[in-house]
file upload_31.csv (CSV, C-alpha atoms and all ligand atoms)
chain,number,residue,atom,x,y,z
A,1235,MET,CA,-18.5,-52.2,-14.8
A,1236,SER,CA,-22.0,-50.6,-14.5
A,1237,GLY,CA,-22.8,-47.7,-12.1
A,1238,LYS,CA,-24.8,-50.1,-9.9
A,1239,GLU,CA,-21.9,-52.6,-9.6
A,1240,ILE,CA,-19.4,-49.8,-8.7
A,1241,GLU,CA,-21.9,-48.6,-6.1
A,1242,LYS,CA,-22.1,-52.1,-4.6
A,1243,THR,CA,-18.3,-52.5,-4.5
A,1244,THR,CA,-17.7,-49.2,-2.8
A,1245,LYS,CA,-20.7,-49.1,-0.6
A,1246,ASN,CA,-19.0,-50.0,2.7
A,1247,LEU,CA,-16.5,-47.2,2.3
A,1248,THR,CA,-16.9,-44.1,4.4
A,1249,VAL,CA,-15.4,-41.4,2.3
A,1250,LYS,CA,-17.0,-38.0,2.7
A,1251,THR,CA,-16.5,-36.1,-0.4
A,1252,THR,CA,-18.2,-33.3,-2.2
A,1253,VAL,CA,-16.0,-33.5,-5.2
A,1254,LYS,CA,-17.8,-33.3,-8.5
A,1255,THR,CA,-15.3,-34.5,-10.9
A,1256,THR,CA,-16.0,-36.3,-14.2
A,1257,GLU,CA,-14.6,-39.4,-12.5
A,1258,LYS,CA,-16.8,-38.9,-9.4
A,1259,LYS,CA,-19.9,-38.5,-11.6
A,1260,LEU,CA,-19.1,-42.0,-12.9
A,1261,GLY,CA,-19.1,-43.1,-9.3
A,1262,LYS,CA,-15.4,-43.7,-9.1
A,1263,ILE,CA,-13.5,-43.4,-5.9
A,1264,ASN,CA,-10.2,-41.6,-5.2
A,1265,LEU,CA,-7.9,-44.3,-3.9
A,1266,LEU,CA,-5.9,-41.7,-2.0
A,1267,ASP,CA,-9.0,-41.1,0.2
A,1268,LEU,CA,-8.9,-44.7,1.5
A,1269,SER,CA,-7.2,-46.2,4.6
A,1270,VAL,CA,-5.6,-49.7,4.5
A,1271,ASP,CA,-8.8,-51.1,6.1
A,1272,GLU,CA,-11.0,-49.4,3.6
A,1273,LEU,CA,-8.8,-50.7,0.7
A,1274,GLN,CA,-9.2,-54.2,2.3
A,1275,THR,CA,-13.0,-53.8,2.2
A,1276,LEU,CA,-12.8,-52.6,-1.4
A,1277,LEU,CA,-10.7,-55.6,-2.4
A,1278,THR,CA,-12.9,-58.1,-0.5
A,1279,ASN,CA,-15.9,-56.6,-2.3
A,1280,LEU,CA,-14.1,-57.2,-5.6
A,1281,GLY,CA,-13.4,-60.8,-4.6
A,1282,GLN,CA,-9.7,-60.1,-4.2
A,1283,GLN,CA,-7.2,-61.0,-1.5
A,1284,LYS,CA,-7.0,-58.6,1.4
A,1285,PHE,CA,-3.1,-58.4,1.5
A,1286,ARG,CA,-3.2,-56.5,-1.8
A,1287,ALA,CA,-4.5,-53.5,0.2
A,1288,LYS,CA,-1.1,-52.9,1.8
A,1289,GLN,CA,0.6,-53.2,-1.6
A,1290,ILE,CA,-1.7,-50.7,-3.1
A,1291,PHE,CA,-1.4,-48.3,-0.1
A,1292,SER,CA,2.3,-48.5,-0.3
A,1293,TRP,CA,2.4,-47.7,-4.1
A,1294,LEU,CA,0.2,-44.7,-3.5
A,1295,SER,CA,2.3,-43.5,-0.6
A,1296,ARG,CA,5.4,-43.7,-2.8
A,1297,GLY,CA,3.7,-41.4,-5.2
A,1298,ALA,CA,2.4,-43.8,-7.9
A,1299,GLU,CA,0.0,-41.9,-10.2
A,1300,ARG,CA,-1.0,-44.6,-12.6
A,1301,PHE,CA,-2.2,-48.2,-12.1
A,1302,ASP,CA,0.4,-49.6,-14.5
A,1303,GLU,CA,3.1,-48.5,-12.1
A,1304,MET,CA,1.8,-51.1,-9.6
A,1305,THR,CA,3.9,-53.9,-11.1
A,1306,ASP,CA,3.3,-56.4,-8.3
A,1307,LEU,CA,-0.5,-56.5,-9.0
A,1308,SER,CA,-1.8,-58.6,-11.9
A,1309,LYS,CA,-2.9,-56.8,-15.0
A,1310,SER,CA,-6.5,-57.9,-14.4
A,1311,LEU,CA,-6.5,-56.4,-10.9
A,1312,ARG,CA,-5.1,-53.2,-12.2
A,1313,GLU,CA,-7.8,-53.1,-14.8
A,1314,LEU,CA,-10.5,-53.9,-12.2
A,1315,LEU,CA,-9.2,-51.0,-10.0
A,1316,SER,CA,-9.2,-48.5,-12.8
A,1317,ASN,CA,-12.8,-49.4,-13.6
A,1318,ILE,CA,-14.0,-48.4,-10.1
A,1319,SER,CA,-11.4,-45.9,-8.9
A,1320,PHE,CA,-8.8,-43.3,-9.8
A,1321,ILE,CA,-5.6,-41.9,-8.3
A,1322,GLY,CA,-6.4,-38.3,-7.5
A,1323,SER,CA,-2.9,-36.9,-7.8
A,1324,MET,CA,-2.3,-33.2,-8.0
A,1325,LYS,CA,-1.4,-31.4,-11.3
A,1326,ILE,CA,1.2,-28.7,-10.9
A,1327,ILE,CA,0.1,-25.6,-12.7
A,1328,ASP,CA,2.7,-23.3,-11.3
A,1329,LYS,CA,5.8,-23.5,-9.1
A,1330,GLN,CA,7.9,-20.8,-7.7
A,1331,ILE,CA,11.2,-21.3,-5.9
A,1332,SER,CA,12.6,-18.7,-3.6
A,1333,LYS,CA,16.1,-17.5,-4.6
A,1334,ILE,CA,16.7,-16.6,-1.0
A,1335,ASP,CA,16.0,-19.9,0.8
A,1336,GLN,CA,14.8,-22.5,-1.7
A,1337,THR,CA,11.2,-22.4,-0.3
A,1338,ALA,CA,9.0,-23.9,-3.1
A,1339,LYS,CA,5.5,-22.7,-3.6
A,1340,TYR,CA,3.1,-24.9,-5.7
A,1341,LEU,CA,-0.2,-24.1,-7.3
A,1342,PHE,CA,-2.1,-27.3,-7.8
A,1343,GLU,CA,-5.1,-28.1,-9.9
A,1344,LEU,CA,-7.6,-30.5,-8.6
A,1345,ASN,CA,-9.7,-33.0,-10.5
A,1346,ASP,CA,-12.6,-30.6,-10.7
A,1347,ASN,CA,-10.3,-27.7,-11.9
A,1348,ASN,CA,-10.3,-25.9,-8.6
A,1349,ILE,CA,-6.9,-24.5,-7.6
A,1350,ILE,CA,-5.1,-24.8,-4.2
A,1351,GLU,CA,-1.7,-23.8,-2.9
A,1352,SER,CA,1.0,-25.6,-0.9
A,1353,VAL,CA,4.5,-24.7,0.2
A,1354,MET,CA,7.5,-26.8,0.9
A,1355,MET,CA,10.2,-25.4,3.2
A,1356,GLU,CA,13.5,-26.5,4.5
A,1357,TYR,CA,14.4,-26.2,8.1
A,1358,ILE,CA,17.4,-27.7,9.9
A,1359,HIS,CA,15.4,-30.7,10.9
A,1360,GLY,CA,14.2,-31.5,7.3
A,1361,TYR,CA,11.5,-30.6,5.0
A,1362,THR,CA,8.1,-29.2,6.0
A,1363,ALA,CA,5.0,-29.1,3.9
A,1364,CYS,CA,2.4,-26.4,4.5
A,1365,ILE,CA,-0.8,-27.7,3.0
A,1366,SER,CA,-4.3,-26.4,2.2
A,1367,THR,CA,-7.4,-28.0,3.8
A,1368,GLN,CA,-10.1,-26.2,1.8
A,1369,VAL,CA,-10.6,-24.5,-1.5
A,1370,GLY,CA,-11.0,-21.0,-0.2
A,1371,CYS,CA,-12.0,-20.2,3.4
A,1372,ARG,CA,-15.1,-19.0,5.2
A,1373,MET,CA,-13.4,-17.3,8.1
A,1374,GLY,CA,-12.9,-13.8,6.6
A,1375,CYS,CA,-9.8,-12.7,8.5
A,1376,THR,CA,-9.1,-9.2,7.1
A,1377,PHE,CA,-5.3,-9.6,6.8
A,1378,CYS,CA,-5.5,-12.8,4.8
A,1379,ALA,CA,-5.1,-13.2,1.0
A,1380,SER,CA,-7.8,-15.8,0.9
A,1381,THR,CA,-10.5,-13.5,2.2
A,1382,GLY,CA,-12.9,-12.0,-0.4
A,1383,ILE,CA,-12.4,-14.7,-3.0
A,1384,GLY,CA,-15.0,-17.0,-1.5
A,1385,PHE,CA,-15.2,-20.5,-0.2
A,1386,ILE,CA,-15.8,-23.3,-2.7
A,1387,ARG,CA,-15.5,-26.7,-1.0
A,1388,ASN,CA,-13.7,-28.8,1.5
A,1389,LEU,CA,-10.7,-30.9,0.4
A,1390,THR,CA,-10.9,-34.6,0.9
A,1391,PRO,CA,-8.3,-36.5,2.9
A,1392,GLY,CA,-6.8,-37.8,-0.3
A,1393,GLU,CA,-6.5,-34.3,-1.7
A,1394,MET,CA,-4.6,-33.2,1.4
A,1395,LEU,CA,-2.3,-36.3,1.1
A,1396,GLY,CA,-1.9,-35.7,-2.6
A,1397,GLN,CA,-0.3,-32.3,-2.0
A,1398,ILE,CA,2.5,-33.9,0.1
A,1399,LEU,CA,2.9,-36.8,-2.4
A,1400,LYS,CA,3.3,-34.5,-5.3
A,1401,MET,CA,5.8,-32.2,-3.6
A,1402,GLN,CA,7.8,-35.3,-2.6
A,1403,THR,CA,7.8,-36.8,-6.1
A,1404,ASP,CA,8.6,-33.4,-7.7
A,1405,THR,CA,11.6,-32.7,-5.4
A,1406,GLY,CA,12.7,-36.2,-4.6
A,1407,LYS,CA,12.9,-35.1,-0.9
A,1408,ARG,CA,11.1,-36.7,2.0
A,1409,ILE,CA,8.7,-34.5,3.9
A,1410,GLY,CA,9.0,-35.1,7.6
A,1411,ASN,CA,6.8,-32.3,9.0
A,1412,VAL,CA,3.4,-31.2,8.0
A,1413,VAL,CA,1.7,-28.0,9.0
A,1414,LEU,CA,-2.0,-27.4,8.3
A,1415,MET,CA,-1.6,-23.7,7.7
A,1416,GLY,CA,-2.3,-23.3,4.0
A,1417,ILE,CA,-5.6,-22.1,2.6
A,1418,GLY,CA,-8.7,-23.0,4.7
A,1419,GLU,CA,-9.7,-23.6,8.3
A,1420,PRO,CA,-8.9,-27.2,9.2
A,1421,LEU,CA,-11.5,-27.4,12.0
A,1422,ASP,CA,-14.2,-26.3,9.5
A,1423,ASN,CA,-13.4,-29.5,7.6
A,1424,TYR,CA,-13.0,-31.6,10.8
A,1425,ASP,CA,-13.7,-35.2,9.7
A,1426,ASN,CA,-11.6,-35.1,6.5
A,1427,VAL,CA,-8.7,-33.4,8.4
A,1428,ILE,CA,-8.8,-36.1,11.1
A,1429,LYS,CA,-8.8,-38.9,8.5
A,1430,PHE,CA,-6.0,-37.2,6.6
A,1431,MET,CA,-3.8,-37.0,9.7
A,1432,LYS,CA,-4.5,-40.7,10.3
A,1433,LEU,CA,-3.6,-41.6,6.7
A,1434,LEU,CA,-0.4,-39.5,7.0
A,1435,ASN,CA,0.6,-41.2,10.2
A,1436,SER,CA,-0.1,-44.7,8.9
A,1437,PRO,CA,3.0,-47.0,9.3
A,1438,ASP,CA,2.2,-48.6,5.9
A,1439,GLY,CA,2.2,-45.2,4.3
A,1440,LEU,CA,4.1,-41.9,4.8
A,1441,ASN,CA,4.5,-42.7,8.5
A,1442,VAL,CA,4.8,-39.1,9.6
A,1443,GLY,CA,4.6,-39.0,13.4
A,1444,TYR,CA,1.8,-36.9,15.0
A,1445,ARG,CA,4.5,-34.9,16.8
A,1446,HIS,CA,5.6,-33.7,13.4
A,1447,VAL,CA,2.1,-32.3,12.6
A,1448,SER,CA,0.8,-28.9,13.5
A,1449,LEU,CA,-2.8,-27.8,13.0
A,1450,SER,CA,-3.6,-24.1,13.0
A,1451,THR,CA,-7.0,-22.9,13.8
A,1452,CYS,CA,-8.7,-19.5,14.1
A,1453,GLY,CA,-10.3,-20.9,17.3
A,1454,ILE,CA,-13.4,-22.9,16.6
A,1455,VAL,CA,-13.8,-23.9,20.3
A,1456,PRO,CA,-16.2,-26.9,20.1
A,1457,LYS,CA,-14.0,-28.5,17.5
A,1458,MET,CA,-10.9,-27.8,19.5
A,1459,LEU,CA,-12.4,-29.8,22.3
A,1460,GLU,CA,-13.4,-32.6,20.0
A,1461,LEU,CA,-9.9,-32.6,18.7
A,1462,ALA,CA,-8.5,-32.9,22.3
A,1463,ASN,CA,-10.6,-36.1,22.7
A,1464,GLU,CA,-9.0,-37.6,19.6
A,1465,LYS,CA,-5.8,-37.8,21.7
A,1466,LEU,CA,-3.5,-37.3,18.7
A,1467,PRO,CA,-0.2,-35.9,20.0
A,1468,ILE,CA,-0.1,-33.1,17.3
A,1469,THR,CA,0.7,-29.5,18.0
A,1470,LEU,CA,-2.3,-27.2,18.1
A,1471,SER,CA,-1.7,-23.6,17.0
A,1472,ILE,CA,-4.2,-20.9,17.7
A,1473,SER,CA,-4.3,-17.9,15.5
A,1474,LEU,CA,-4.9,-15.3,18.2
A,1475,HIS,CA,-3.4,-12.2,16.6
A,1476,ALA,CA,-5.0,-9.8,19.1
A,1477,PRO,CA,-5.0,-9.2,22.9
A,1478,ASN,CA,-8.6,-8.2,23.2
A,1479,ASP,CA,-12.0,-8.8,21.6
A,1480,GLU,CA,-12.2,-5.2,20.3
A,1481,ILE,CA,-9.2,-5.7,18.0
A,1482,ARG,CA,-9.9,-9.3,17.2
A,1483,ASN,CA,-13.5,-8.6,16.2
A,1484,MET,CA,-12.1,-6.1,13.7
A,1485,THR,CA,-9.5,-8.4,12.2
A,1486,MET,CA,-11.0,-11.9,12.7
A,1487,PRO,CA,-14.8,-12.0,12.4
A,1488,VAL,CA,-14.9,-15.5,13.9
A,1489,ASN,CA,-14.2,-13.8,17.2
A,1490,LYS,CA,-17.8,-12.8,17.4
A,1491,LEU,CA,-18.7,-16.5,17.7
A,1492,TYR,CA,-15.8,-17.5,19.9
A,1493,SER,CA,-14.3,-14.7,22.0
A,1494,ILE,CA,-10.8,-14.6,23.3
A,1495,ASP,CA,-11.9,-15.7,26.8
A,1496,LYS,CA,-13.8,-18.7,25.3
A,1497,ILE,CA,-10.7,-19.6,23.2
A,1498,ILE,CA,-8.4,-19.4,26.3
A,1499,GLU,CA,-10.9,-21.5,28.3
A,1500,GLY,CA,-10.9,-24.1,25.4
A,1501,CYS,CA,-7.1,-24.1,25.3
A,1502,LYS,CA,-6.9,-24.8,29.0
A,1503,ILE,CA,-9.1,-27.8,28.6
A,1504,TYR,CA,-7.2,-28.9,25.5
A,1505,THR,CA,-3.8,-28.8,27.4
A,1506,GLU,CA,-5.3,-30.5,30.4
A,1507,VAL,CA,-6.7,-33.4,28.3
A,1508,THR,CA,-3.7,-33.8,25.9
A,1509,LYS,CA,-0.9,-32.6,28.1
A,1510,ARG,CA,0.4,-30.9,24.9
A,1511,ARG,CA,1.7,-27.4,24.8
A,1512,ILE,CA,-0.2,-25.2,22.4
A,1513,THR,CA,1.2,-22.3,20.3
A,1514,PHE,CA,-0.4,-18.9,20.1
A,1515,GLU,CA,0.2,-17.4,16.7
A,1516,TYR,CA,0.4,-13.6,16.8
A,1517,ALA,CA,0.9,-11.7,13.5
A,1518,LEU,CA,2.1,-8.2,14.4
A,1519,ILE,CA,0.4,-5.5,12.5
A,1520,SER,CA,1.8,-2.0,12.8
A,1521,GLU,CA,-0.3,0.3,15.0
A,1522,ILE,CA,-3.1,-2.3,15.2
A,1523,ASN,CA,-2.0,-4.9,17.7
A,1524,ASP,CA,1.7,-4.3,18.3
A,1525,SER,CA,2.0,-1.8,21.2
A,1526,ILE,CA,3.6,-2.5,24.5
A,1527,SER,CA,0.2,-2.2,26.2
A,1528,ASN,CA,-1.2,-4.8,23.7
A,1529,ALA,CA,1.7,-7.1,24.7
A,1530,GLU,CA,0.9,-6.5,28.4
A,1531,GLU,CA,-2.8,-7.3,27.9
A,1532,LEU,CA,-1.9,-10.5,26.1
A,1533,ALA,CA,0.7,-11.5,28.7
A,1534,LYS,CA,-1.9,-11.1,31.5
A,1535,LYS,CA,-4.4,-13.3,29.6
A,1536,ILE,CA,-2.1,-16.2,28.9
A,1537,LYS,CA,0.5,-16.2,31.6
A,1538,GLY,CA,0.9,-19.6,33.4
A,1539,MET,CA,-0.6,-21.5,30.5
A,1540,LEU,CA,1.1,-24.5,28.9
A,1541,ALA,CA,1.7,-22.4,25.8
A,1542,HIS,CA,4.2,-20.4,23.9
A,1543,VAL,CA,3.8,-17.5,21.6
A,1544,ASN,CA,5.0,-17.3,18.0
A,1545,LEU,CA,5.3,-13.8,16.7
A,1546,ILE,CA,4.9,-13.3,13.0
A,1547,PRO,CA,5.6,-10.1,11.1
A,1548,VAL,CA,2.3,-9.7,9.2
A,1549,ASN,CA,2.7,-10.4,5.5
A,1550,THR,CA,1.5,-7.5,3.5
A,1551,VAL,CA,-1.1,-8.6,1.0
A,1552,LYS,CA,-2.5,-6.5,-1.8
A,1553,THR,CA,-6.0,-6.6,-0.5
A,1554,SER,CA,-5.3,-5.0,2.9
A,1555,SER,CA,-3.5,-1.9,4.0
A,1556,PHE,CA,-2.0,-3.6,7.1
A,1557,LYS,CA,1.8,-2.9,7.5
A,1558,LYS,CA,4.5,-5.0,9.2
A,1559,SER,CA,5.6,-3.8,12.6
A,1560,SER,CA,9.2,-2.6,12.8
A,1561,ARG,CA,11.9,-5.0,14.0
A,1562,LYS,CA,12.3,-2.9,17.2
A,1563,GLN,CA,8.5,-3.1,17.9
A,1564,ILE,CA,8.6,-6.9,17.4
A,1565,LEU,CA,11.6,-7.3,19.8
A,1566,ASP,CA,10.0,-5.0,22.4
A,1567,PHE,CA,6.8,-7.1,22.2
A,1568,LYS,CA,8.8,-10.3,22.6
A,1569,ASN,CA,10.7,-8.9,25.6
A,1570,LEU,CA,7.5,-7.8,27.4
A,1571,LEU,CA,6.0,-11.3,27.0
A,1572,GLU,CA,9.2,-12.9,28.2
A,1573,SER,CA,9.2,-10.7,31.3
A,1574,TYR,CA,6.0,-12.5,32.2
A,1575,GLY,CA,7.7,-15.8,31.8
A,1576,ILE,CA,6.0,-16.6,28.5
A,1577,GLU,CA,8.3,-18.4,26.0
A,1578,THR,CA,8.2,-16.4,22.8
A,1579,THR,CA,9.7,-17.0,19.4
A,1580,ILE,CA,9.8,-14.9,16.2
A,1581,ARG,CA,8.9,-16.8,13.1
A,1582,ARG,CA,11.6,-16.9,10.5
A,1583,GLU,CA,10.3,-15.5,7.3
A,1584,LEU,CA,10.7,-17.8,4.4
A,1585,GLY,CA,10.1,-17.3,0.7
A,1586,THR,CA,9.6,-13.6,1.0
A,1587,ASP,CA,10.5,-13.1,-2.7
A,1588,ILE,CA,7.8,-15.6,-3.8
A,1589,GLU,CA,5.0,-14.4,-1.6
A,1590,ALA,CA,5.0,-17.7,0.3
A,1591,ALA,CA,2.4,-16.4,2.7
A,1592,CYS,CA,-0.7,-18.5,2.3
A,1593,GLY,CA,-3.2,-17.8,-0.4
A,1594,GLN,CA,-1.4,-15.1,-2.4
A,1595,LEU,CA,-0.4,-17.1,-5.4
A,1596,ARG,CA,-3.8,-18.7,-5.6
A,1597,ARG,CA,-5.5,-15.3,-5.3
A,1598,SER,CA,-3.5,-14.0,-8.3
A,1599,GLU,CA,-4.3,-17.1,-10.3
A,1600,VAL,CA,-8.0,-17.0,-9.5
A,1601,GLU,CA,-8.2,-13.3,-10.3
A,1602,ASN,CA,-6.3,-13.8,-13.6
A,1603,LYS,CA,-8.7,-16.6,-14.6
A,1604,ASN,CA,-11.5,-14.2,-14.0
A,1605,LYS,CA,-13.1,-16.6,-11.6
A,1606,MET,CA,-14.3,-13.8,-9.5
A,1607,ASP,CA,-18.0,-14.8,-9.7
A,1608,THR,CA,-18.0,-16.0,-6.1
A,1609,CYS,CA,-15.7,-13.3,-5.0
A,1610,ASN,CA,-17.9,-10.4,-4.3
A,1611,LYS,CA,-18.6,-11.6,-0.8
A,1612,LYS,CA,-17.9,-9.0,1.8
A,1613,PRO,CA,-15.2,-10.1,4.4
A,1614,GLY,CA,-17.0,-11.6,7.3
A,1615,VAL,CA,-17.3,-15.1,8.7
A,1616,GLN,CA,-19.7,-17.2,6.7
A,1617,ILE,CA,-20.3,-20.0,9.2
B,1,LIG,N1,-7.5,-21.1,9.2
B,1,LIG,C1,-6.3,-21.5,9.9
B,1,LIG,C2,-5.1,-21.9,9.1
B,1,LIG,C3,-4.8,-21.2,7.8
B,1,LIG,S1,-4.1,-19.7,7.9
B,1,LIG,C4,-6.0,-20.4,11.0
B,1,LIG,O1,-6.6,-19.4,11.0
B,1,LIG,O2,-5.1,-20.7,11.8
B,1,LIG,C5,-2.5,-20.0,8.5
B,1,LIG,C6,-1.9,-18.9,9.4
B,1,LIG,O3,-1.5,-17.8,8.6
B,1,LIG,C7,-2.9,-18.4,10.5
B,1,LIG,O4,-2.2,-18.2,11.7
B,1,LIG,C8,-3.3,-17.1,9.8
B,1,LIG,O5,-3.8,-16.2,10.8
B,1,LIG,C9,-2.0,-16.6,9.2
B,1,LIG,N2,-2.1,-15.6,8.2
B,1,LIG,C10,-3.0,-15.4,7.3
B,1,LIG,N3,-2.7,-14.3,6.6
B,1,LIG,C11,-1.6,-13.7,7.1
B,1,LIG,C12,-0.8,-12.6,6.8
B,1,LIG,N4,-1.1,-11.8,5.8
B,1,LIG,N5,0.3,-12.4,7.6
B,1,LIG,C13,0.7,-13.2,8.6
B,1,LIG,N6,0.0,-14.3,8.9
B,1,LIG,C14,-1.2,-14.6,8.2

call {"tool": "encode", "arguments": {"input": "upload_31.csv", "output": "structure tokens"}}
result
Amino acid sequence: MSGKEIEKTTKNLTVKTTVKTTEKKLGKINLLDLSVDELQTLLTNLGQQKFRAKQIFSWLSRGAERFDEMTDLSKSLRELLSNISFIGSMKIIDKQISKIDQTAKYLFELNDNNIIESVMMEYIHGYTACISTQVGCRMGCTFCASTGIGFIRNLTPGEMLGQILKMQTDTGKRIGNVVLMGIGEPLDNYDNVIKFMKLLNSPDGLNVGYRHVSLSTCGIVPKMLELANEKLPITLSISLHAPNDEIRNMTMPVNKLYSIDKIIEGCKIYTEVTKRRITFEYALISEINDSISNAEELAKKIKGMLAHVNLIPVNTVKTSSFKKSSRKQILDFKNLLESYGIETTIRRELGTDIEAACGQLRRSEVENKNKMDTCNKKPGVQI
């Protein structure tokens, strides 16, 4: 098929992608990026029957990585598909499994050789995938392993889905919960993230309920409000990590754009529109944000909101000198919040022996590969 013909066939499809793969250069489309409706359009353009779309979507959702696995499609249709499209599955380049709790951390290579990271964890209620939404991140949080190694590009919806599919096929386990808490800022890749969540929720596909999806953001307020209007009953987590702008400006540069007061105002609107309780994530860093007066300041700001606080002992990363708070400090912080009637949990630490905290494995890999050409950027938000 010529480039022009491929273009004609795929022209009604609304896939936003910046991927420059060899395949993409040839004008091919990643089938994992497409919804059932879009697959139908594609098939109609190819002069094929519409019902094939659900068959293809179902194969992809079951982790098919090659067209010849799609045995209920004719050979000629499979050939036609492979002329205009590809299945953008992930390639595992490293996998570490925690000896303590079986948490599995994957390093995946994308079609353009970029590297991302995903984690699969087991909780009492099943398996949870923590996935990346971007290659790198622009937010510049000083405690995060992804800071300083640059932002490369957004992930497409299919590349987000692909992380889950690969972990499912690799382990033979069904993933029932998904958290968008890996590398990247989901609300900085808004359209692709929304489309991914819809693909994930599709009854013809993985059928993961929105209530089993959590999206974590550093607080891009206008996008939080846009998300509220999508009316998807997901859980919104806000990475607050500080009780005041002075501390937050220091650890999270994005705060200079959206201050704590603006975020709280945005959260109030979000909960009013969605009726969904939000989570405030608070990573406790010794002597930075973990004092009782910090807890009190936070409690006064958020009391009465439809929200709960999740305290996280900060993960020490090589690139920052931040230290974890002591167990006693964490418990005192929790007690203080609870004395204001704020429901507070302490996040269970998983995969501590494999550095399961986001971005650390990828960082080592990127550094090892000497891909530090984009890495001399100073920490600081780049939006
Ligand atoms: N950009 C999004 C999601 C990715 S980071 C966000 O900011 O929420 C996922 C979560 O891990 C965020 O709450 C982030 O603040 C937190 N995080 C990053 N580095 C961490 C570290 N070293 N210790 C504890 N939490 C960390």

call {"tool": "residues_near_ligand", "arguments": {"input": "upload_31.csv", "ligand": "ligand LIG 1 (chain B)", "cutoff": "7 Å", "atoms": "only C-alpha atoms and all ligand atoms", "output": "PDB file with C-alpha atoms, keeping the file's coordinate frame"}}
result
ATOM      1  CA  PHE A1377      -5.300  -9.600   6.800  1.00  0.00           C
ATOM      2  CA  CYS A1378      -5.500 -12.800   4.800  1.00  0.00           C
ATOM      3  CA  ALA A1379      -5.100 -13.200   1.000  1.00  0.00           C
ATOM      4  CA  LEU A1414      -2.000 -27.400   8.300  1.00  0.00           C
ATOM      5  CA  MET A1415      -1.600 -23.700   7.700  1.00  0.00           C
ATOM      6  CA  GLY A1416      -2.300 -23.300   4.000  1.00  0.00           C
ATOM      7  CA  ILE A1417      -5.600 -22.100   2.600  1.00  0.00           C
ATOM      8  CA  GLY A1418      -8.700 -23.000   4.700  1.00  0.00           C
ATOM      9  CA  GLU A1419      -9.700 -23.600   8.300  1.00  0.00           C
ATOM     10  CA  PRO A1420      -8.900 -27.200   9.200  1.00  0.00           C
ATOM     11  CA  SER A1450      -3.600 -24.100  13.000  1.00  0.00           C
ATOM     12  CA  THR A1451      -7.000 -22.900  13.800  1.00  0.00           C
ATOM     13  CA  CYS A1452      -8.700 -19.500  14.100  1.00  0.00           C
ATOM     14  CA  SER A1471      -1.700 -23.600  17.000  1.00  0.00           C
ATOM     15  CA  ILE A1472      -4.200 -20.900  17.700  1.00  0.00           C
ATOM     16  CA  SER A1473      -4.300 -17.900  15.500  1.00  0.00           C
ATOM     17  CA  GLU A1515       0.200 -17.400  16.700  1.00  0.00           C
ATOM     18  CA  ALA A1517       0.900 -11.700  13.500  1.00  0.00           C
ATOM     19  CA  ILE A1546       4.900 -13.300  13.000  1.00  0.00           C
ATOM     20  CA  PRO A1547       5.600 -10.100  11.100  1.00  0.00           C
ATOM     21  CA  VAL A1548       2.300  -9.700   9.200  1.00  0.00           C
ATOM     22  CA  ASN A1549       2.700 -10.400   5.500  1.00  0.00           C
ATOM     23  CA  THR A1550       1.500  -7.500   3.500  1.00  0.00           C
ATOM     24  CA  VAL A1551      -1.100  -8.600   1.000  1.00  0.00           C
ATOM     25  CA  ALA A1591       2.400 -16.400   2.700  1.00  0.00           C
ATOM     26  CA  CYS A1592      -0.700 -18.500   2.300  1.00  0.00           C
TER      27      CYS A1592
END

call {"tool": "atom_distance", "arguments": {"input": "upload_31.csv", "atom1": "atom CA of A:Ser1332", "atom2": "atom CA of A:Arg1581"}}
result
17.2 Å

call {"tool": "residues_around", "arguments": {"input": "upload_31.csv", "residues": "stretch 1560-1567 of chain A", "least_positions_apart": "3", "cutoff": "7 Å", "atoms": "all atoms listed in the file", "output": "list in words"}}
result
Asp1524, Ile1526, Ala1529, Leu1570 and Leu1571 of chain A

call {"tool": "residues_around", "arguments": {"input": "upload_31.csv", "residues": "A:Arg1296", "least_positions_apart": "6", "cutoff": "12 Å", "atoms": "all atoms listed in the file", "output": "PyMOL selection string"}}
result
chain A and resi 1266+1289-1290+1303-1304+1323+1395-1396+1398-1404+1406-1409+1438-1441

call {"tool": "closest_atom_pairs", "arguments": {"input": "upload_31.csv", "of": "stretch 1431-1478 of chain A", "to": "stretch 1269-1282 of chain A", "cutoff": "12 Å", "atoms": "all atoms listed in the file", "output": "Markdown table"}}
result
| residue | atom | partner | partner_atom | distance |
| --- | --- | --- | --- | --- |
| A:Met1431 | CA | A:Ser1269 | CA | 11.1 |
| A:Lys1432 | CA | A:Ser1269 | CA | 8.4 |
| A:Leu1433 | CA | A:Ser1269 | CA | 6.2 |
| A:Leu1434 | CA | A:Ser1269 | CA | 9.8 |
| A:Asn1435 | CA | A:Ser1269 | CA | 10.8 |
| A:Ser1436 | CA | A:Ser1269 | CA | 8.4 |
| A:Pro1437 | CA | A:Val1270 | CA | 10.2 |
| A:Asp1438 | CA | A:Val1270 | CA | 8.0 |
| A:Gly1439 | CA | A:Val1270 | CA | 9.0 |

call {"tool": "residues_around", "arguments": {"input": "upload_31.csv", "residues": "stretch 1307-1320 of chain A", "least_positions_apart": "4", "cutoff": "6 Å", "atoms": "only C-alpha atoms", "output": "PyMOL selection string"}}
result
chain A and resi 1240+1262-1264+1301

call {"tool": "write_last_selection", "arguments": {"input": "upload_31.csv", "atoms": "C-alpha atoms", "output": "short mmCIF file (atom, residue, chain, number, x, y, z; two decimals), in the coordinates of the input"}}
result
data_model
loop_
_atom_site.label_atom_id
_atom_site.label_comp_id
_atom_site.auth_asym_id
_atom_site.auth_seq_id
_atom_site.Cartn_x
_atom_site.Cartn_y
_atom_site.Cartn_z
CA ILE A 1240 -19.40 -49.80 -8.70
CA LYS A 1262 -15.40 -43.70 -9.10
CA ILE A 1263 -13.50 -43.40 -5.90
CA ASN A 1264 -10.20 -41.60 -5.20
CA PHE A 1301 -2.20 -48.20 -12.10
#
